[in-house]
Structure formats: C-alpha cells, structure tokens
$ cat entry-v3.tsv   # TSV, C-alpha atoms
chain	number	residue	atom	x	y	z
A	1	MET	CA	-4.20	-68.66	27.54
A	2	SER	CA	-1.57	-66.31	28.85
A	3	LEU	CA	1.31	-64.34	27.43
A	4	THR	CA	3.93	-66.09	29.53
A	5	ALA	CA	4.50	-69.67	30.60
A	6	SER	CA	3.07	-70.88	33.88
A	7	THR	CA	6.31	-72.73	34.62
A	8	SER	CA	8.70	-69.83	35.16
A	9	TYR	CA	7.36	-68.12	38.28
A	10	PHE	CA	9.43	-67.55	41.41
A	11	GLU	CA	8.08	-70.71	43.02
A	12	ASP	CA	9.42	-72.79	40.10
A	13	PHE	CA	13.08	-72.08	40.91
A	14	ALA	CA	15.18	-73.83	43.55
A	15	ALA	CA	18.87	-73.59	44.42
A	16	GLY	CA	20.89	-76.24	42.59
A	17	GLN	CA	18.46	-76.47	39.66
A	18	LYS	CA	20.26	-76.85	36.33
A	19	MET	CA	19.06	-75.90	32.86
A	20	ARG	CA	20.41	-76.59	29.39
A	21	HIS	CA	18.67	-74.03	27.21
A	22	ALA	CA	17.13	-75.42	24.05
A	23	ARG	CA	18.28	-72.98	21.40
A	24	GLY	CA	21.66	-71.94	20.07
A	25	SER	CA	22.53	-68.75	18.19
A	26	THR	CA	25.23	-68.31	15.57
A	27	VAL	CA	26.90	-64.92	15.93
A	28	GLU	CA	27.09	-63.20	12.55
A	29	GLU	CA	27.27	-59.63	11.25
A	30	VAL	CA	23.95	-58.57	12.78
A	31	GLU	CA	24.77	-59.78	16.26
A	32	SER	CA	28.42	-58.78	16.18
A	33	GLN	CA	28.98	-55.78	13.97
A	34	LEU	CA	25.54	-54.17	14.10
A	35	LEU	CA	25.05	-54.51	17.86
A	36	THR	CA	28.62	-53.36	18.56
A	37	LYS	CA	28.03	-50.21	16.53
A	38	LEU	CA	24.47	-49.76	17.85
A	39	VAL	CA	25.87	-49.42	21.37
A	40	MET	CA	28.60	-46.97	20.31
A	41	ASN	CA	31.54	-49.31	20.90
A	42	THR	CA	34.30	-47.62	18.89
A	43	ALA	CA	36.94	-50.39	19.08
A	44	ASP	CA	37.52	-51.39	15.45
A	45	GLY	CA	38.90	-54.78	16.43
A	46	HIS	CA	35.23	-55.72	16.36
A	47	PHE	CA	34.58	-54.41	12.86
A	48	ASN	CA	37.86	-54.03	10.92
A	49	GLU	CA	38.58	-57.39	9.34
A	50	HIS	CA	41.78	-56.38	7.56
A	51	LYS	CA	43.36	-54.83	10.64
A	52	MET	CA	42.55	-57.95	12.64
A	53	LYS	CA	44.02	-60.23	9.97
A	54	ALA	CA	47.42	-58.85	10.95
A	55	THR	CA	47.01	-59.90	14.60
A	56	PRO	CA	47.39	-63.35	16.18
A	57	PHE	CA	43.57	-63.59	16.19
A	58	GLY	CA	43.53	-63.37	12.38
A	59	GLN	CA	39.99	-61.98	12.26
A	60	ARG	CA	37.51	-59.71	14.02
A	61	LEU	CA	36.64	-60.47	17.62
A	62	VAL	CA	33.08	-60.43	18.88
A	63	PHE	CA	32.53	-57.75	21.57
A	64	GLY	CA	32.44	-59.55	24.92
A	65	LEU	CA	29.15	-57.99	25.93
A	66	VAL	CA	27.54	-59.09	22.66
A	67	THR	CA	28.61	-62.59	23.65
A	68	GLY	CA	27.33	-62.07	27.18
A	69	SER	CA	24.03	-60.57	26.02
A	70	THR	CA	23.52	-63.41	23.55
A	71	VAL	CA	24.20	-66.05	26.20
A	72	ILE	CA	21.92	-64.38	28.73
A	73	GLY	CA	19.41	-63.96	25.90
A	74	LEU	CA	19.46	-67.69	25.20
A	75	ALA	CA	18.65	-68.20	28.90
A	76	THR	CA	16.08	-65.44	29.19
A	77	GLN	CA	12.85	-67.22	28.30
A	78	ASP	CA	13.54	-69.88	30.92
A	79	THR	CA	14.80	-67.51	33.60
A	80	ALA	CA	13.08	-64.15	33.17
A	81	GLU	CA	9.91	-64.50	31.11
A	82	ASN	CA	7.99	-63.57	34.26
A	83	ALA	CA	10.52	-61.04	35.52
A	84	LEU	CA	9.46	-57.75	37.04
A	85	ALA	CA	13.04	-56.48	36.78
A	86	GLU	CA	16.59	-57.61	36.28
A	87	LEU	CA	18.46	-56.35	39.30
A	88	GLY	CA	22.09	-56.87	38.41
A	89	LEU	CA	24.97	-58.94	37.10
A	90	ASP	CA	28.25	-59.95	38.70
A	91	LYS	CA	31.49	-61.80	38.05
A	92	LEU	CA	31.19	-61.55	34.26
A	93	ARG	CA	34.19	-63.33	32.71
A	94	PHE	CA	35.09	-63.57	29.04
A	95	ARG	CA	37.06	-66.78	29.04
A	96	ALA	CA	37.87	-67.33	25.37
A	97	PRO	CA	37.57	-65.29	22.17
A	98	VAL	CA	34.42	-65.56	20.05
A	99	PHE	CA	34.58	-65.08	16.29
A	100	LEU	CA	31.94	-64.48	13.64
A	101	GLY	CA	30.41	-67.80	12.71
A	102	ASP	CA	30.67	-69.27	16.20
A	103	THR	CA	27.49	-70.75	17.66
A	104	LEU	CA	26.66	-70.06	21.28
A	105	THR	CA	24.57	-72.18	23.61
A	106	ALA	CA	23.71	-71.46	27.24
A	107	TYR	CA	23.65	-73.35	30.51
A	108	THR	CA	22.27	-72.10	33.83
A	109	GLU	CA	22.34	-73.12	37.47
A	110	VAL	CA	20.17	-71.54	40.16
A	111	LEU	CA	22.50	-70.37	42.93
A	112	GLU	CA	19.95	-68.97	45.35
A	113	THR	CA	16.32	-67.97	45.79
A	114	ARG	CA	15.25	-65.43	48.38
A	115	GLU	CA	12.46	-63.15	49.50
A	116	SER	CA	12.29	-59.64	48.14
A	117	GLU	CA	11.00	-56.51	49.82
A	118	GLN	CA	7.81	-56.75	47.78
A	119	PRO	CA	5.29	-59.50	48.49
A	120	ASP	CA	4.39	-60.30	44.88
A	121	ALA	CA	7.88	-61.39	43.76
A	122	GLY	CA	11.10	-63.04	44.84
A	123	VAL	CA	14.74	-62.80	43.82
A	124	VAL	CA	16.53	-65.62	41.98
A	125	ARG	CA	20.31	-65.60	41.55
A	126	PHE	CA	21.46	-67.50	38.46
A	127	LYS	CA	24.85	-68.53	37.17
A	128	HIS	CA	25.08	-68.65	33.39
A	129	TRP	CA	27.66	-70.21	31.12
A	130	GLY	CA	28.06	-69.67	27.37
A	131	VAL	CA	29.63	-72.45	25.35
A	132	LYS	CA	30.64	-72.47	21.70
A	133	GLN	CA	30.33	-75.27	19.19
A	134	ASP	CA	33.61	-76.98	20.14
A	135	GLY	CA	32.69	-77.09	23.82
A	136	THR	CA	34.84	-74.14	24.89
A	137	ILE	CA	33.35	-72.04	27.68
A	138	VAL	CA	33.51	-68.49	26.38
A	139	PHE	CA	31.49	-66.62	29.00
A	140	GLU	CA	30.25	-66.98	32.55
A	141	GLY	CA	28.45	-64.67	34.89
A	142	GLU	CA	25.92	-64.33	37.67
A	143	ARG	CA	22.61	-62.51	37.41
A	144	GLU	CA	19.82	-61.57	39.81
A	145	VAL	CA	16.23	-61.34	38.61
A	146	LEU	CA	13.09	-60.22	40.46
A	147	ILE	CA	10.46	-62.76	39.40
A	148	LYS	CA	6.69	-62.72	39.91
A	149	ARG	CA	5.20	-65.11	42.44
A	150	ARG	CA	2.55	-67.40	41.04
A	151	SER	CA	0.70	-67.11	44.35
A	152	HIS	CA	0.14	-63.42	43.75
A	153	TRP	CA	-0.09	-63.11	39.97
A	154	ILE	CA	-2.12	-66.14	38.89
A	155	GLU	CA	-5.75	-66.40	39.92
A	156	PRO	CA	-6.46	-69.68	41.72
B	1	MET	CA	47.58	-33.17	-10.02
B	2	ALA	CA	49.30	-36.12	-8.38
B	3	ASP	CA	47.58	-37.97	-5.58
B	4	PRO	CA	48.89	-37.02	-2.16
B	5	ASP	CA	51.36	-39.18	-0.25
B	6	PHE	CA	49.10	-40.49	2.50
B	7	SER	CA	52.08	-41.66	4.55
B	8	THR	CA	52.70	-37.99	5.36
B	9	PHE	CA	49.21	-37.54	6.82
B	10	PRO	CA	49.41	-37.61	10.63
B	11	LEU	CA	47.33	-40.24	12.36
B	12	ILE	CA	44.55	-38.88	14.58
B	13	LYS	CA	45.10	-41.26	17.47
B	14	LYS	CA	42.26	-42.63	19.53
B	15	GLY	CA	42.28	-44.12	22.98
B	16	ASN	CA	44.48	-44.06	26.07
B	17	ARG	CA	47.37	-46.26	27.10
B	18	PHE	CA	48.23	-47.70	30.49
B	19	GLN	CA	50.55	-44.77	31.24
B	20	ASP	CA	47.65	-42.35	30.70
B	21	PHE	CA	45.62	-43.61	33.68
B	22	GLU	CA	46.04	-42.35	37.25
B	23	ASP	CA	44.27	-43.45	40.41
B	24	GLY	CA	41.16	-41.37	40.98
B	25	GLN	CA	41.14	-39.93	37.47
B	26	VAL	CA	37.59	-39.21	36.22
B	27	PHE	CA	36.40	-39.45	32.62
B	28	GLU	CA	33.18	-37.82	31.44
B	29	HIS	CA	32.65	-39.95	28.35
B	30	HIS	CA	31.74	-38.55	24.98
B	31	TRP	CA	28.46	-38.24	23.08
B	32	GLY	CA	25.69	-39.70	25.23
B	33	ARG	CA	23.04	-41.78	23.49
B	34	THR	CA	19.26	-41.47	23.29
B	35	LEU	CA	17.95	-45.02	23.38
B	36	THR	CA	14.98	-45.39	21.08
B	37	GLU	CA	12.24	-47.96	20.75
B	38	ALA	CA	13.95	-49.09	17.54
B	39	ASP	CA	17.26	-49.68	19.35
B	40	ASN	CA	15.45	-51.68	22.00
B	41	ALA	CA	13.47	-53.77	19.51
B	42	LEU	CA	16.60	-54.56	17.49
B	43	PHE	CA	18.65	-55.46	20.54
B	44	THR	CA	16.05	-57.56	22.34
B	45	THR	CA	15.10	-59.54	19.25
B	46	SER	CA	18.62	-60.17	17.99
B	47	THR	CA	19.65	-61.45	21.43
B	48	LEU	CA	16.42	-63.45	22.04
B	49	ARG	CA	15.59	-61.50	25.18
B	50	PHE	CA	12.14	-62.99	25.66
B	51	THR	CA	10.87	-60.92	28.58
B	52	PRO	CA	7.63	-59.21	27.48
B	53	LEU	CA	8.37	-56.10	29.56
B	54	TYR	CA	10.99	-55.21	26.96
B	55	TYR	CA	8.85	-55.40	23.81
B	56	ASN	CA	5.11	-55.59	24.67
B	57	SER	CA	3.95	-52.14	25.74
B	58	GLU	CA	0.49	-53.30	26.79
B	59	TYR	CA	2.03	-55.95	29.05
B	60	ALA	CA	4.48	-53.38	30.42
B	61	LYS	CA	1.56	-51.03	31.20
B	62	THR	CA	-0.06	-53.71	33.35
B	63	HIS	CA	3.22	-53.98	35.29
B	64	GLY	CA	3.62	-50.37	36.39
B	65	HIS	CA	5.34	-48.83	33.36
B	66	HIS	CA	3.99	-46.30	30.86
B	67	THR	CA	5.55	-48.15	27.93
B	68	VAL	CA	8.16	-50.85	27.35
B	69	VAL	CA	11.26	-50.93	29.52
B	70	VAL	CA	14.59	-50.65	27.70
B	71	ASP	CA	16.46	-53.92	28.09
B	72	PRO	CA	18.99	-53.34	30.89
B	73	LEU	CA	21.57	-55.31	28.88
B	74	LEU	CA	21.21	-52.70	26.12
B	75	VAL	CA	21.79	-49.99	28.73
B	76	LEU	CA	24.87	-51.83	29.98
B	77	CYS	CA	26.25	-52.36	26.47
B	78	THR	CA	25.66	-48.69	25.61
B	79	VAL	CA	27.37	-47.36	28.74
B	80	VAL	CA	30.33	-49.64	28.09
B	81	GLY	CA	30.29	-48.59	24.44
B	82	LEU	CA	30.39	-44.89	25.30
B	83	SER	CA	33.37	-45.54	27.59
B	84	VAL	CA	35.47	-47.54	25.12
B	85	GLU	CA	37.40	-44.72	23.44
B	86	ASP	CA	38.55	-43.29	26.76
B	87	LEU	CA	39.19	-46.56	28.54
B	88	SER	CA	39.87	-49.55	26.36
B	89	GLU	CA	40.02	-48.79	22.64
B	90	SER	CA	43.78	-48.85	22.43
B	91	GLY	CA	44.08	-52.52	23.03
B	92	GLY	CA	43.58	-55.12	25.72
B	93	PRO	CA	40.80	-57.55	26.41
B	94	PHE	CA	38.16	-57.55	29.10
B	95	LEU	CA	39.26	-59.33	32.24
B	96	GLY	CA	35.91	-58.98	33.91
B	97	VAL	CA	32.91	-56.93	34.91
B	98	ASN	CA	31.67	-57.01	38.50
B	99	ASN	CA	28.87	-55.53	40.60
B	100	VAL	CA	26.61	-54.48	37.73
B	101	THR	CA	23.55	-52.86	39.34
B	102	PHE	CA	20.51	-51.68	37.40
B	103	HIS	CA	19.31	-48.91	39.70
B	104	GLN	CA	16.13	-47.91	37.88
B	105	PRO	CA	14.35	-48.56	34.59
B	106	VAL	CA	15.29	-46.78	31.37
B	107	TYR	CA	12.51	-45.97	28.89
B	108	PRO	CA	12.60	-45.32	25.15
B	109	GLY	CA	13.56	-41.69	24.59
B	110	ASP	CA	15.81	-41.51	27.65
B	111	THR	CA	19.31	-40.17	27.02
B	112	ILE	CA	22.16	-42.05	28.64
B	113	THR	CA	25.53	-40.56	29.54
B	114	ALA	CA	28.51	-42.30	31.12
B	115	ARG	CA	31.27	-41.42	33.57
B	116	SER	CA	34.17	-43.51	34.87
B	117	GLU	CA	36.72	-43.25	37.64
B	118	VAL	CA	40.01	-45.15	37.78
B	119	ILE	CA	39.89	-47.20	40.98
B	120	ASN	CA	42.96	-49.40	40.49
B	121	ARG	CA	45.93	-49.71	38.17
B	122	ARG	CA	48.74	-52.19	38.39
B	123	GLU	CA	51.33	-54.02	36.31
B	124	SER	CA	50.49	-57.31	34.65
B	125	GLY	CA	52.66	-60.02	36.19
B	126	SER	CA	52.57	-62.24	33.13
B	127	ARG	CA	52.52	-59.66	30.33
B	128	PRO	CA	55.07	-56.88	30.64
B	129	THR	CA	53.70	-54.91	27.68
B	130	PHE	CA	50.31	-54.58	29.39
B	131	GLY	CA	48.98	-53.17	32.63
B	132	ILE	CA	45.70	-53.90	34.40
B	133	VAL	CA	43.23	-51.09	35.07
B	134	THR	CA	39.92	-51.18	36.94
B	135	TRP	CA	37.32	-48.45	36.51
B	136	LYS	CA	34.06	-47.77	38.29
B	137	THR	CA	31.61	-46.67	35.62
B	138	SER	CA	28.20	-45.06	36.12
B	139	GLY	CA	25.39	-44.44	33.64
B	140	PHE	CA	22.90	-41.60	34.04
B	141	ASN	CA	19.64	-40.57	32.40
B	142	GLN	CA	18.75	-37.03	31.26
B	143	HIS	CA	17.63	-36.14	34.80
B	144	ASP	CA	21.10	-37.13	36.08
B	145	ASP	CA	19.56	-40.10	37.90
B	146	LEU	CA	21.95	-43.02	38.30
B	147	VAL	CA	20.57	-45.88	36.20
B	148	LEU	CA	23.54	-48.25	36.11
B	149	SER	CA	26.88	-48.81	37.80
B	150	TYR	CA	29.58	-51.46	37.52
B	151	GLU	CA	33.30	-52.11	37.82
B	152	ARG	CA	35.26	-53.19	34.78
B	153	THR	CA	38.83	-54.49	34.57
B	154	ASN	CA	40.84	-54.70	31.36
B	155	LEU	CA	44.32	-55.47	30.24
B	156	VAL	CA	45.53	-52.15	28.82
B	157	ALA	CA	48.44	-51.91	26.40
B	158	LYS	CA	51.38	-49.79	27.42
B	159	ARG	CA	52.68	-47.05	25.21
B	160	LYS	CA	55.95	-48.09	23.68
B	161	GLU	CA	58.81	-46.04	25.06
B	162	ARG	CA	60.68	-45.55	21.76
B	163	SER	CA	59.25	-42.64	19.82
B	164	ASP	CA	60.29	-44.08	16.45
B	165	THR	CA	57.81	-46.91	16.86
B	166	GLU	CA	55.09	-44.47	17.92
B	167	SER	CA	55.28	-42.59	14.66
B	168	GLN	CA	54.46	-45.74	12.72
B	169	GLY	CA	51.13	-46.05	14.48
B	170	GLU	CA	50.96	-48.60	17.21
B	171	THR	CA	49.16	-51.82	16.60
B	172	SER	CA	48.81	-53.85	19.70
B	173	GLU	CA	48.69	-57.60	19.49
B	174	GLU	CA	45.33	-57.67	21.20
B	175	THR	CA	42.41	-55.44	20.58
B	176	ALA	CA	39.85	-53.86	22.81
B	177	SER	CA	36.60	-55.28	23.98
$ encode --input "entry-v3.tsv" --output "structure tokens"
Amino acid sequence: MSLTASTSYFEDFAAGQKMRHARGSTVEEVESQLLTKLVMNTADGHFNEHKMKATPFGQRLVFGLVTGSTVIGLATQDTAENALAELGLDKLRFRAPVFLGDTLTAYTEVLETRESEQPDAGVVRFKHWGVKQDGTIVFEGEREVLIKRRSHWIEP
Amino acid sequence: MADPDFSTFPLIKKGNRFQDFEDGQVFEHHWGRTLTEADNALFTTSTLRFTPLYYNSEYAKTHGHHTVVVDPLLVLCTVVGLSVEDLSESGGPFLGVNNVTFHQPVYPGDTITARSEVINRRESGSRPTFGIVTWKTSGFNQHDDLVLSYERTNLVAKRKERSDTESQGETSEETAS
C-alpha cells in the first residue's frame, strides 16, 4: 500500500511515450468564474456575460490559464504524482477560445528525460495538448517536472 | 427626487492601451495576494492536480517541506491575475507565455507580489487596431525572493484616435485573457 502509484516514477518515462489521459473536465462556473476571481484576474470578459454578448464571441471567455491549468491538471496524476517539484513551463499557446460548458481532455507526449543534479530524481519534459469536445485543440504547452527515482525511493 | 442620469457619470477607466506601453517601462502591480491553504485546496481540487505535495501535509513533510506546497500553477495564475489590470485588461487575447520558471516553493501564508517590464512592442501585421506587447513578469514572496518569472505576449487594443468615440467608453471586439 502506498499513497502514489508505482508506475509513475522517473524510470517509467521515455522520450516519445504518448498518453491519452482518462478523464475529461467540463469547465463551468467554479472552474471559470471562481478560479478567475480567486487569482485576482480583473478582466470582466471572463465574468460579465452581458458585456460579452455584444462581442463576436457572444458569451464569456474562459481565462486561458484556467484552461491551461485544467489541461495540465487532467495530465497531473499520470505525469507528476511522484513529483518532487514542477520546474517550469514553456511555449504555452492558447489556440482557440474556450467557453463555459466546454469539456476538456488532455494528451501528453514525453519529449525528453534527463539526469538532475540530485541523485534521487530525474527531469522529464512533457508536451501537453488540451482538446475540447469537438476535437479542437485549445491549448498546448511544455512542462518540466522533477520526478522521484524508483531506485532511490522504493525499498527493494 | 428624480433618479440621476447615469449617462452623465464619468466612467472610471481600467487598463492600458497599446499606446500606453514603452520599451523598458516597469509596472509594480497592485494589491499583492496572500495565498492561503483554502486557496490552494480549492485550486488543486478543481483542476484535478493530483500531486500529494500540494494537498497532503504529512506527505509533504516527508519530502522536505514543513507543510503543503502551494501549487505552482496557482502561483502562476495569481501573478498573471495581479498583472491583468496594468497589462491586458483593456482587450486582446493571450498570444503565448514562454520561459515560465518556478524558482522556489511557495507555502500557505506567503504573500505574492508581481512586477512586469515591457520587453517588446510592435504593430500587428494582420490587425491594424491592435499591437503586440511582450512583458517579462516576476513574482516575489514577502521576503522579496523571486518565486516565479515568465514572458507573456498579448495582442493589445489600440486607443482609438477620435476623442468622440473615447467618451462613449471603448469596447474592444476582443477581451483580455
């Protein structure tokens, strides 16, 4: 019995590995409006429905980093359950608008694995994609995670 | 007494337009934000961030921390959020965010502030009513330690040149991210 899966240690990742993450998440008021306000984003295009009705979008837009966080969240159990730290993100692109009611799913490819300065963990570089229910890619980005090595953290 | 004529009330405008940005300009963003355990629990659960370091304090203690680590994505979202009024509220979508580095952990109770510098501004080739601005943004804790840095690029709406349209309150066709 352990708190985290035995299948998501550094040794389990290899460049080129692809993952379709099992769960989707529909973005509604909690994810969109509450998180946008929680993080002090003042742009009312994310929470003023009547203002947005008068624009070509016709409705509120989901804050891009709520989309990005949700997509990375959908990938997190499979990519960072055994993380010691998330080191960084890069090349985040918000490719299409996301609206309340859209459902996001996540896909991941391992770009690279490498040694870290510490012996008990290695660095994995992932590329993530977020896709909505009609197949449109709405988000992509790269992410580096410092992940525990099984050889160090699990007793033989 | 008759109700007032609200059309005579001047709009308190928020946000900057493309013309307001200059290379090298620095913004010390408003407010700051103390990130609490409640913020972290709400954020990590509503985004399915299943890394125990972020919500199991006993697990975090066995991994070198005194309590849970604040989800770095919450730190990123908060630093961006604090920067929105100065940088991107007045209209124009995200074009991208690059080189996000989480320099050190943030813990519940830490207070985050944000600062940005304009590192590039240029015209939009395809959209004459917008420009493109890139900022380098940094997030700090209460000890002024750098906890986060990144570069963000947005389309930024230009201020209309005719003052008669300004007085009606500008509504851009796109809105900020």
$ interface_residues --input "entry-v3.tsv" --of "chain A" --to "chain B" --cutoff "8 Å" --atoms "all atoms listed in the file" --output "number ranges by chain"
A: 30-31, 35-36, 38-43, 45-46, 55-57, 63-66, 69-70, 72-74, 76-77, 80-84, 86-94
$ atom_distance --input "entry-v3.tsv" --atom1 "atom CA of B:Arg17" --atom2 "atom CA of B:Gly92"
9.7 Å
$ closest_residue --input "entry-v3.tsv" --among "B:Gly24, B:Pro4, B:Pro10, B:Gly109" --to "B:Asn40" --atoms "all atoms listed in the file"
B:Gly109
$ atom_distance --input "entry-v3.tsv" --atom1 "atom CA of B:Gly125" --atom2 "atom CA of B:Ala157"
13.4 Å
$ residues_near_point --input "entry-v3.tsv" --point "(9.1, -64.8, 44.4)" --cutoff "10 Å" --atoms "all atoms listed in the file" --output "count of residues only"
25
$ residues_around --input "entry-v3.tsv" --residues "B:Glu28" --least-positions-apart "3" --cutoff "8 Å" --atoms "all atoms listed in the file" --output "PDB file with C-alpha atoms, keeping the file's coordinate frame"
ATOM      1  CA  ALA B 114      28.510 -42.300  31.120  1.00  0.00           C
ATOM      2  CA  ARG B 115      31.270 -41.420  33.570  1.00  0.00           C
ATOM      3  CA  SER B 116      34.170 -43.510  34.870  1.00  0.00           C
TER       4      SER B 116
END
$ atom_distance --input "entry-v3.tsv" --atom1 "atom CA of B:Asp5" --atom2 "atom CA of B:Lys160"
25.9 Å
